[in-house]
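I have placed the structure first, in the form of structure tokens, so that the comments after it can refer back to it.
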Amino acid sequence: MFGVTLIIFSMVRVLPGDPARVLAGLEADQNEVNRIRVQLGLNKPAPVQYALFLEHAVRGDLGQSAVTQAPVMSEIASRLGATTLLAVTATILAGVLGVASGIIVSTRQYTATDYTVTVLALAGVSIPVYWLGLMLMLLFAVFLHLLPAGGDTAPQSLILPSITLAAFSLAIVERMTRSSMLESLRQDYVRTARAKGLADHVIVYRHALRNALIPVVTVLGLQFGALIGGAILTETTFAWPGIGRLLVDAISRRDYPVIQGVVLLFAVTFVLVNLAVDLLYGYIDPRIRYS
Amino acid sequence: MATSIRVSATVSAARERAFRHPLAVLARLARNRAAVAGFMMLVVMALAATLAGALVPYGADTADLNSVLQPPSAAHLFGTDQLGRDILARIVYGGRISLLIGVLAVAVGAAIGVPLGVVSGFYGGRTDALIQRAVDVMLSFPGFLLALTLISLLGVGPRNVVLSVGIASVPVYVRLVRAVTLSVRELAYVESARAIGLSDVRIMFRHVLPNTAAPIIVQSSLQLGVALLTAAGLGFLGIGVTPPTPEWGTMLGEAQTYILSAWYMGTFPGLAIFAAVMAFNLLGDGLRDALDPRMKTV
């Protein structure tokens, strides 16, 4: 975590170009530039600047946007809800549909359903999210006029972006559930359960699924990284007012304090989610213990 | 994006792998219809990109303002864009750029990641700890975000896309190669090589590295798909390869403006990315199965 802040901090410092000069505008004279430099603390030595950056970041102060002058934290806060809504909806879609379809095909290995879902899952991991978004938009908004093409105006406007964002993770979760279920359906305890005449659904859900779910949870957790990347692209495609678009806009306007803040937020969340997934193992599988 | 799962899969494949003759692997690969289909798709795309001039009657940049935003027709199979340029021609020529960027980015990633991985696994101790902590930091950025952040620092353009996407894939190679190196480091033939007094460098390159070849090949094929998606994603956001270069992602980004009136502008470049990524994934999965038949059921 410490390394992350250091990297993000130094990345922005090594850039060509003087932030104070950018902020002051083209016509500003040297005095004005110097005044802003002092105001931003850029006249201090780099380690001091880094310490200040850390101190401020810990207190939730990520500086000001170089373009709008608004605090980076409030820029992020005003868009956090939209991204969270999108990401949570997509995760639920991916988790529920992925596990469900994985279970269904694992009990029907080598049937037409199995092949169809396998091909769809392969398509899901290969399709560019931004293109999937555009195609869904074309079909449902432009040709069928069923759903809004973008923005965040009506509850229906969540449908297309969340499907778009979920597609990749859904495919990964389905693949993992399928292979993990196939593996656990082949275990001795499943054969024992069958031998003593238990009903199919009891075997599948109570015996096989419990053991098959551990790698699935791992994968769902790891998908969080893909979700961040996907959110950046999905939000841009659908003009969704979230943090991903804030980042893309900031990059195109070279608004470094905002870039720094958003990247920091994403990286920290990513690390925390991975940690949470690790800890979750202990609950799902009592055999895993942390010493 | 899904690399972490695949890495662990290829690592375990490498660990359990007995020696297999390359021809036997190829023969097994040739029996896998999905992998052959993927390979053929790639051959066709590469040929089309190479022979572009002979295949399409238009240049990638030939603008014709008398026929802008034309829907697909006999003259323009995929239609024309906002400047009257033939979309098919741009996709075919764009293959040179998009595919080349993918290949170069993966080459950059492997060129940096593989030596670091071998050294990290071979020496262990402090060297290992240092390299692994650096990799940890890189891995705390999700792949796409890492490439995006790098390009926002380096600036746009094909060279920087290659660098950003390539550097973003370094951690995958370091982890993969380190794991394989750890598993062969203690084997008898490495010990014998040490006993007859070979230098560390020679042992690493002549005896350890060849063992990592199979997992690296598998990983690279899958990684090519990831690189293509990432590079095109940057182009789509307008911070990768810039117009008027006919890169597939960039074309898709331009098409977004005209999505309401010209469906064909975005449909076909995206289809090209989709097909190429799918082909790399099919080939990669096939290679993995061919190198380790036990994983086939998965």
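Letters A, B, ... mark the chains of the structure tokens in the order given; residue numbers begin at 1 per chain; ligand numbers begin at 1, in order shown.
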
Query raised in the report: What residues in chain B lie within 9 Å of chain A, counting only C-alpha atoms, written as a PyMOL selection string?
Result: chain B and resi 1-2+4-5+133-134+136-146+148-150+152-154+225-226+229-230+232-233+236-239+252+256+259-261+263+266-267+269-271+273-282+297-298

**Report entry** Between CA of Phe238 (chain A) and CA of Ile163 (chain A) - distance in Å to one decimal
**Finding:** 11.8 Å

Report task. From a DSSP pass on the backbone, collect the residues of region 71-170 of chain B flagged as alpha helix (DSSP H) and hand them back as number ranges by chain. Result -> B: 87-123, 125-139, 143-154, 158-168, 170

Query - Who sits within 9 Å of Gln82 (chain B), only C-alpha atoms, same chain under 6 positions skipped, as a list in words - result: Leu65, Ser67, Val68, Leu69, Gln70, Ala255, Tyr258 and Met265 of chain B

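The environment of Ala110 (chain B) within 10 Å, counting only C-alpha atoms and disregarding residues fewer than 5 places along the same chain, consists of Leu104, Ala105, Pro115, Leu116, Gly117, Gly166, Ile167, Ser169, Val170, Pro171, Val172, Tyr173, Val174, Val177, Ile216, Gln219, Ser220 and Gln223 of chain B.
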
Could you save those same residues with C-alpha atoms as a PDB file, in the first residue's frame?
ATOM      1  CA  LEU B 104       5.150  -5.953 -29.753  1.00  0.00           C
ATOM      2  CA  ALA B 105       3.473  -5.227 -26.416  1.00  0.00           C
ATOM      3  CA  PRO B 115      14.623 -12.477 -17.164  1.00  0.00           C
ATOM      4  CA  LEU B 116      13.325 -10.920 -13.940  1.00  0.00           C
ATOM      5  CA  GLY B 117      11.346 -14.071 -13.213  1.00  0.00           C
ATOM      6  CA  GLY B 166       3.798  -4.229 -22.424  1.00  0.00           C
ATOM      7  CA  ILE B 167       4.854  -2.966 -19.004  1.00  0.00           C
ATOM      8  CA  SER B 169       1.893  -7.377 -18.577  1.00  0.00           C
ATOM      9  CA  VAL B 170       5.338  -7.698 -16.953  1.00  0.00           C
ATOM     10  CA  PRO B 171       4.040  -8.962 -13.562  1.00  0.00           C
ATOM     11  CA  VAL B 172       2.270 -11.883 -15.236  1.00  0.00           C
ATOM     12  CA  TYR B 173       5.528 -13.106 -16.772  1.00  0.00           C
ATOM     13  CA  VAL B 174       7.605 -12.533 -13.646  1.00  0.00           C
ATOM     14  CA  VAL B 177       8.584 -17.775 -14.858  1.00  0.00           C
ATOM     15  CA  ILE B 216       5.555 -18.915 -21.700  1.00  0.00           C
ATOM     16  CA  GLN B 219       0.681 -17.537 -21.604  1.00  0.00           C
ATOM     17  CA  SER B 220       1.806 -15.374 -24.514  1.00  0.00           C
ATOM     18  CA  GLN B 223      -1.700 -12.506 -23.279  1.00  0.00           C
TER      19      GLN B 223
END

Query raised in the report: Leaving out Ala70 (chain A) and any residue of its chain fewer than 6 positions from it, which residues lie within 12 Å of it when counting only C-alpha atoms, given as a ChimeraX atom specification?
Result: /A:61-64,76-78,255,257-258

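All residues of protein, DNA or RNA that reach within 8 Å of Ile151 (chain B), judged by only C-alpha atoms and not counting those fewer than 6 positions away in the chain, are Asn160, Val161, Ser164, Ile239 and Gly240 of chain B.
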
Query raised in the report: Can you list, as a PyMOL selection string, every protein, DNA or RNA residue that comes within 10 Å of Arg28 (chain B) when you count only C-alpha atoms, leaving out same-chain residues fewer than 4 positions away?
Result: chain B and resi 22-24+32+286-287+289-291+293
